[in-house]
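Data file: coords_15.cif. Format and content: mmCIF, C-alpha atoms.
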data_model
loop_
_atom_site.group_PDB
_atom_site.id
_atom_site.type_symbol
_atom_site.label_atom_id
_atom_site.label_comp_id
_atom_site.auth_asym_id
_atom_site.auth_seq_id
_atom_site.Cartn_x
_atom_site.Cartn_y
_atom_site.Cartn_z
ATOM 1 C CA MET A 251 238.791 39.064 21.914
ATOM 2 C CA ASN A 252 242.005 41.012 21.859
ATOM 3 C CA ARG A 253 244.715 39.322 23.879
ATOM 4 C CA ASN A 254 245.571 42.666 25.407
ATOM 5 C CA ALA A 255 242.043 43.251 26.620
ATOM 6 C CA THR A 256 241.816 43.991 30.286
ATOM 7 C CA PHE A 257 239.343 42.523 32.673
ATOM 8 C CA PHE A 258 237.376 45.779 32.420
ATOM 9 C CA ASP A 259 237.140 45.360 28.623
ATOM 10 C CA TRP A 260 235.689 41.892 29.114
ATOM 11 C CA PHE A 261 233.286 43.185 31.716
ATOM 12 C CA ARG A 262 232.071 45.985 29.446
ATOM 13 C CA ALA A 263 231.675 43.563 26.569
ATOM 14 C CA LEU A 264 229.554 41.315 28.757
ATOM 15 C CA LEU A 265 227.308 44.209 29.661
ATOM 16 C CA GLY A 266 226.937 45.133 26.036
ATOM 17 C CA TRP A 267 228.837 48.412 26.334
ATOM 18 C CA ARG A 268 231.177 47.279 23.634
ATOM 19 C CA SER A 269 230.198 44.717 21.058
ATOM 20 C CA VAL A 270 232.714 42.051 20.202
ATOM 21 C CA GLN A 271 234.042 42.574 16.718
ATOM 22 C CA ASN A 272 233.126 39.850 14.243
ATOM 23 C CA ALA A 273 236.727 39.499 13.195
ATOM 24 C CA GLU A 274 237.542 38.351 16.691
ATOM 25 C CA VAL A 275 234.804 35.712 16.816
ATOM 26 C CA PRO A 276 235.667 32.295 15.386
ATOM 27 C CA THR A 277 233.646 31.507 12.268
ATOM 28 C CA GLU A 278 232.036 28.514 13.917
ATOM 29 C CA LEU A 279 230.664 30.636 16.743
ATOM 30 C CA ARG A 280 229.349 33.255 14.352
ATOM 31 C CA VAL A 281 227.422 30.589 12.460
ATOM 32 C CA LYS A 282 225.978 29.189 15.653
ATOM 33 C CA SER A 283 224.850 32.597 16.818
ATOM 34 C CA SER A 284 222.988 33.397 13.601
ATOM 35 C CA PRO A 285 219.213 33.864 13.942
ATOM 36 C CA ALA A 286 217.340 30.662 14.679
ATOM 37 C CA GLY A 287 215.612 28.869 11.825
ATOM 38 C CA VAL A 288 211.967 27.958 11.662
ATOM 39 C CA VAL A 289 210.629 24.445 11.951
ATOM 40 C CA PHE A 290 207.140 23.894 10.621
ATOM 41 C CA VAL A 291 205.531 20.480 10.561
ATOM 42 C CA PRO A 292 202.116 20.117 8.980
ATOM 43 C CA THR A 293 200.193 18.111 11.543
ATOM 44 C CA ALA A 294 197.448 18.725 14.068
ATOM 45 C CA VAL A 295 197.656 21.939 16.034
ATOM 46 C CA ARG A 296 195.216 20.782 18.694
ATOM 47 C CA ALA A 297 193.586 17.462 19.452
ATOM 48 C CA VAL A 298 191.065 15.898 21.817
ATOM 49 C CA VAL A 299 190.622 12.295 22.936
ATOM 50 C CA HIS A 300 187.288 10.976 24.188
ATOM 51 C CA SER A 301 186.960 7.532 25.666
ATOM 52 C CA MET B 273 203.634 27.186 14.376
ATOM 53 C CA THR B 274 203.122 23.453 14.518
ATOM 54 C CA GLN B 275 205.848 20.977 15.258
ATOM 55 C CA ALA B 276 205.866 17.228 15.515
ATOM 56 C CA LYS B 277 204.327 15.947 18.728
ATOM 57 C CA ASN B 278 202.197 13.159 20.108
ATOM 58 C CA PHE B 279 198.764 13.972 21.445
ATOM 59 C CA TYR B 280 198.194 12.124 24.693
ATOM 60 C CA GLY B 281 194.971 10.668 26.028
ATOM 61 C CA THR B 282 193.606 7.976 28.306
ATOM 62 C CA VAL B 283 191.291 5.190 27.215
ATOM 63 C CA PHE B 284 189.555 2.280 28.907
ATOM 64 C CA THR B 285 191.088 -1.132 28.456
ATOM 65 C CA GLU B 286 189.009 -2.936 25.838
ATOM 66 C CA GLY B 287 187.150 0.321 25.344
ATOM 67 C CA SER B 288 186.575 2.588 22.367
ATOM 68 C CA ALA B 289 187.796 6.100 21.719
ATOM 69 C CA MET B 290 186.992 9.103 19.584
ATOM 70 C CA LEU B 291 190.010 11.027 18.349
ATOM 71 C CA MET B 292 189.590 14.590 17.127
ATOM 72 C CA ALA B 293 192.064 17.076 15.715
ATOM 73 C CA ARG B 294 192.487 20.304 13.832
ATOM 74 C CA VAL B 295 194.883 19.399 11.059
ATOM 75 C CA VAL B 296 196.879 21.985 9.125
ATOM 76 C CA GLY B 297 198.739 21.646 5.837
ATOM 77 C CA TYR B 298 201.983 22.955 4.414
ATOM 78 C CA SER B 299 200.598 26.461 4.079
ATOM 79 C CA GLY B 300 199.898 26.484 7.787
ATOM 80 C CA GLU B 301 196.209 26.868 7.060
ATOM 81 C CA VAL B 302 193.487 24.504 8.201
ATOM 82 C CA LEU B 303 193.301 21.524 5.870
ATOM 83 C CA HIS B 304 190.068 20.916 3.961
ATOM 84 C CA ARG B 305 188.489 17.671 2.889
ATOM 85 C CA TYR B 306 188.755 18.554 -0.805
ATOM 86 C CA GLU B 307 192.541 18.948 -0.503
ATOM 87 C CA LEU B 308 192.934 15.310 0.509
ATOM 88 C CA GLU B 309 193.405 12.325 -1.739
ATOM 89 C CA SER B 310 193.312 9.589 0.883
ATOM 90 C CA ALA B 311 194.046 8.788 4.507
ATOM 91 C CA ALA B 312 194.983 5.749 6.550
ATOM 92 C CA TYR B 313 195.722 4.832 10.133
ATOM 93 C CA SER B 314 197.821 2.319 12.037
ATOM 94 C CA ILE B 315 197.899 1.339 15.710
ATOM 95 C CA TYR B 316 200.880 0.039 17.649
ATOM 96 C CA ARG B 317 201.188 -1.182 21.224
ATOM 97 C CA LEU B 318 204.353 0.254 22.701
ATOM 98 C CA ASP B 319 206.706 -1.788 24.800
ATOM 99 C CA ILE B 320 206.645 -0.985 28.512
ATOM 100 C CA THR B 321 210.353 -0.358 28.655
ATOM 101 C CA SER B 322 211.117 1.135 25.262
ATOM 102 C CA ASP B 323 209.222 3.337 22.834
ATOM 103 C CA ASP B 324 211.341 1.934 20.030
ATOM 104 C CA GLN B 325 209.854 -1.514 20.520
ATOM 105 C CA ARG B 326 206.321 -1.540 19.251
ATOM 106 C CA VAL B 327 203.865 -4.228 18.249
ATOM 107 C CA PRO B 328 201.599 -3.599 15.250
ATOM 108 C CA LEU B 329 197.992 -4.384 16.142
ATOM 109 C CA PRO B 330 196.581 -6.987 13.731
ATOM 110 C CA GLY B 331 193.807 -5.547 11.603
ATOM 111 C CA HIS B 332 194.887 -1.986 12.351
ATOM 112 C CA GLN B 333 197.764 -1.457 9.944
ATOM 113 C CA ASP B 334 197.473 1.004 7.075
ATOM 114 C CA VAL B 335 193.708 0.874 7.260
ATOM 115 C CA ALA B 336 192.220 3.176 4.624
ATOM 116 C CA LEU B 337 189.765 5.745 5.950
ATOM 117 C CA ASP B 338 186.665 7.004 4.177
ATOM 118 C CA LEU B 339 187.487 10.702 4.087
ATOM 119 C CA ASP B 340 183.833 11.678 3.938
ATOM 120 C CA ASP B 341 183.352 9.978 7.286
ATOM 121 C CA VAL B 342 186.287 11.486 9.111
ATOM 122 C CA PHE B 343 187.280 14.806 7.531
ATOM 123 C CA PHE B 344 185.364 18.072 7.196
ATOM 124 C CA ASP B 345 185.542 20.906 4.687
ATOM 125 C CA SER B 346 185.111 23.467 7.434
ATOM 126 C CA LEU B 347 185.882 23.568 11.114
ATOM 127 C CA GLN B 348 183.309 21.920 13.323
ATOM 128 C CA ASN B 349 182.649 22.814 16.921
ATOM 129 C CA ASP B 350 180.445 21.147 19.485
ATOM 130 C CA GLU B 351 180.487 20.011 23.100
ATOM 131 C CA THR B 352 182.923 17.229 22.336
ATOM 132 C CA TRP B 353 185.644 19.625 21.207
ATOM 133 C CA THR B 354 187.162 20.939 24.411
ATOM 134 C CA ALA B 355 190.556 22.113 23.161
ATOM 135 C CA ASP B 356 189.594 25.664 22.130
ATOM 136 C CA ASP B 357 186.892 27.723 20.438
ATOM 137 C CA GLU B 358 188.152 27.246 16.897
ATOM 138 C CA GLY B 359 187.062 23.681 16.287
ATOM 139 C CA PHE B 360 188.191 20.521 14.548
ATOM 140 C CA ASN B 361 188.277 19.178 11.011
ATOM 141 C CA PHE B 362 189.073 15.536 11.772
ATOM 142 C CA ARG B 363 187.172 13.010 13.870
ATOM 143 C CA HIS B 364 187.618 9.256 13.986
ATOM 144 C CA VAL B 365 186.062 6.666 16.255
ATOM 145 C CA LEU B 366 188.119 3.620 17.146
ATOM 146 C CA ASP B 367 185.377 1.112 17.835
ATOM 147 C CA ASN B 368 186.425 -1.757 20.073
ATOM 148 C CA MET B 369 183.152 -3.549 19.275
ATOM 149 C CA ARG B 370 184.297 -4.076 15.703
ATOM 150 C CA SER B 371 187.855 -5.068 16.403
ATOM 151 C CA GLU B 372 189.803 -5.525 19.606
ATOM 152 C CA ILE B 373 192.043 -2.527 20.141
ATOM 153 C CA PHE B 374 193.153 -1.656 23.665
ATOM 154 C CA SER B 375 193.232 -5.209 24.968
ATOM 155 C CA LEU B 376 195.939 -4.791 27.624
ATOM 156 C CA SER B 377 195.750 -2.418 30.556
ATOM 157 C CA HIS B 378 198.373 0.113 31.555
ATOM 158 C CA ARG B 379 199.974 0.190 28.150
ATOM 159 C CA PHE B 380 200.619 2.939 25.667
ATOM 160 C CA TYR B 381 199.046 2.590 22.256
ATOM 161 C CA GLN B 382 200.197 4.780 19.406
ATOM 162 C CA VAL B 383 197.646 5.703 16.765
ATOM 163 C CA GLU B 384 199.178 7.140 13.612
ATOM 164 C CA TYR B 385 197.201 8.864 10.894
ATOM 165 C CA VAL B 386 198.630 9.678 7.487
ATOM 166 C CA PHE B 387 196.893 12.119 5.173
ATOM 167 C CA TYR B 388 197.826 12.191 1.497
ATOM 168 C CA THR B 389 197.030 15.465 -0.229
ATOM 169 C CA ARG B 390 196.139 15.943 -3.894
ATOM 170 C CA ASN B 391 199.407 17.822 -4.255
ATOM 171 C CA SER B 392 201.622 14.794 -4.858
ATOM 172 C CA SER B 393 204.783 16.870 -4.628
ATOM 173 C CA ARG B 394 204.162 17.291 -0.906
ATOM 174 C CA PRO B 395 204.961 14.568 1.621
ATOM 175 C CA PRO B 396 201.969 13.125 3.485
ATOM 176 C CA ILE B 397 200.814 14.810 6.674
ATOM 177 C CA ARG B 398 201.079 12.811 9.879
ATOM 178 C CA VAL B 399 199.108 13.081 13.111
ATOM 179 C CA GLN B 400 199.948 10.903 16.096
ATOM 180 C CA PHE B 401 198.077 10.072 19.280
ATOM 181 C CA ARG B 402 199.530 8.234 22.226
ATOM 182 C CA LEU B 403 196.868 6.612 24.366
ATOM 183 C CA PHE B 404 197.265 5.030 27.786
ATOM 184 C CA SER B 405 194.856 2.238 28.695
ATOM 185 C CA VAL B 406 193.395 2.037 32.203
#
Could you spell out this file's structure in structure tokens?
Amino acid sequence: MNRNATFFDWFRALLGWRSVQNAEVPTELRVKSSPAGVVFVPTAVRAVVHS
Amino acid sequence: MTQAKNFYGTVFTEGSAMLMARVVGYSGEVLHRYELESAAYSIYRLDITSDDQRVPLPGHQDVALDLDDVFFDSLQNDETWTADDEGFNFRHVLDNMRSEIFSLSHRFYQVEYVFYTRNSSRPPIRVQFRLFSV
């Protein structure tokens, strides 16, 4: 975020009125905020135990 | 979407149990008997204080299963399958009459099944049950 940003700028950004520019977001954060991956494990989807 | 998890159940101490499951493969589709090369199971008694400490049950390690006895080519559904309306393709009875299984009470036993498919480039498929003896 711009160092000269006012509190109101921050507030608007939080509400989504103004998106934070990618150039201002550290690379690490941008990577972490990328869409989530998919984990698929072939196993049982449902199971029942009788005793 | 399936992810790794243990299926929990309760069994009688020194009792038997029937374990049922709907197993899916790498395509996400229900696995069929003809897709499998072999299968085996192992049972471990878990330590009371730590899941990492487990005792292999003698006679129940890497026991080969007869696929024709335990796996189906299509989903089965009867009164024993209470999970949903779709059905199961795997059923195995752990018979305490043949070999002592759940000998101690108030313990967790982990039953691990491994299914090897005919597609050798794929890792085996694992299904795990965690059973508490009462």
Task: Check: which chain A residues lie within 7 Å of chain B using all atoms listed in the file, as a PyMOL selection string - done: chain A and resi 289-301
Open item on the list: As an exercise, work out the distance from atom CA of Phe404 of chain B to atom CA of Ser310 of chain B in Å and give it to one decimal place.
Closed with: 27.6 Å
Open item on the list: When you count all atoms listed in the file, which of these residues is closest to Phe343 of chain B: B:Ala312, B:Leu329, B:Val383, B:Leu376?
Closed with: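 Of all the options, B:Ala312 lies closest to Phe343 of chain B.
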Open item on the list: Under the rule that only C-alpha atoms are counted, which of B:Arg370, B:Arg305, B:His378, B:His332 is the nearest residue to Asp319 of chain B?
Closed with: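 Closest candidate: B:His378.
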- [ ] Grab the atom CA of Ser314 of chain B to atom CA of Val335 of chain B distance for me, in Å with one decimal place.
- [x]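 Pair atom CA of Ser314 of chain B / atom CA of Val335 of chain B returns 6.5 Å.
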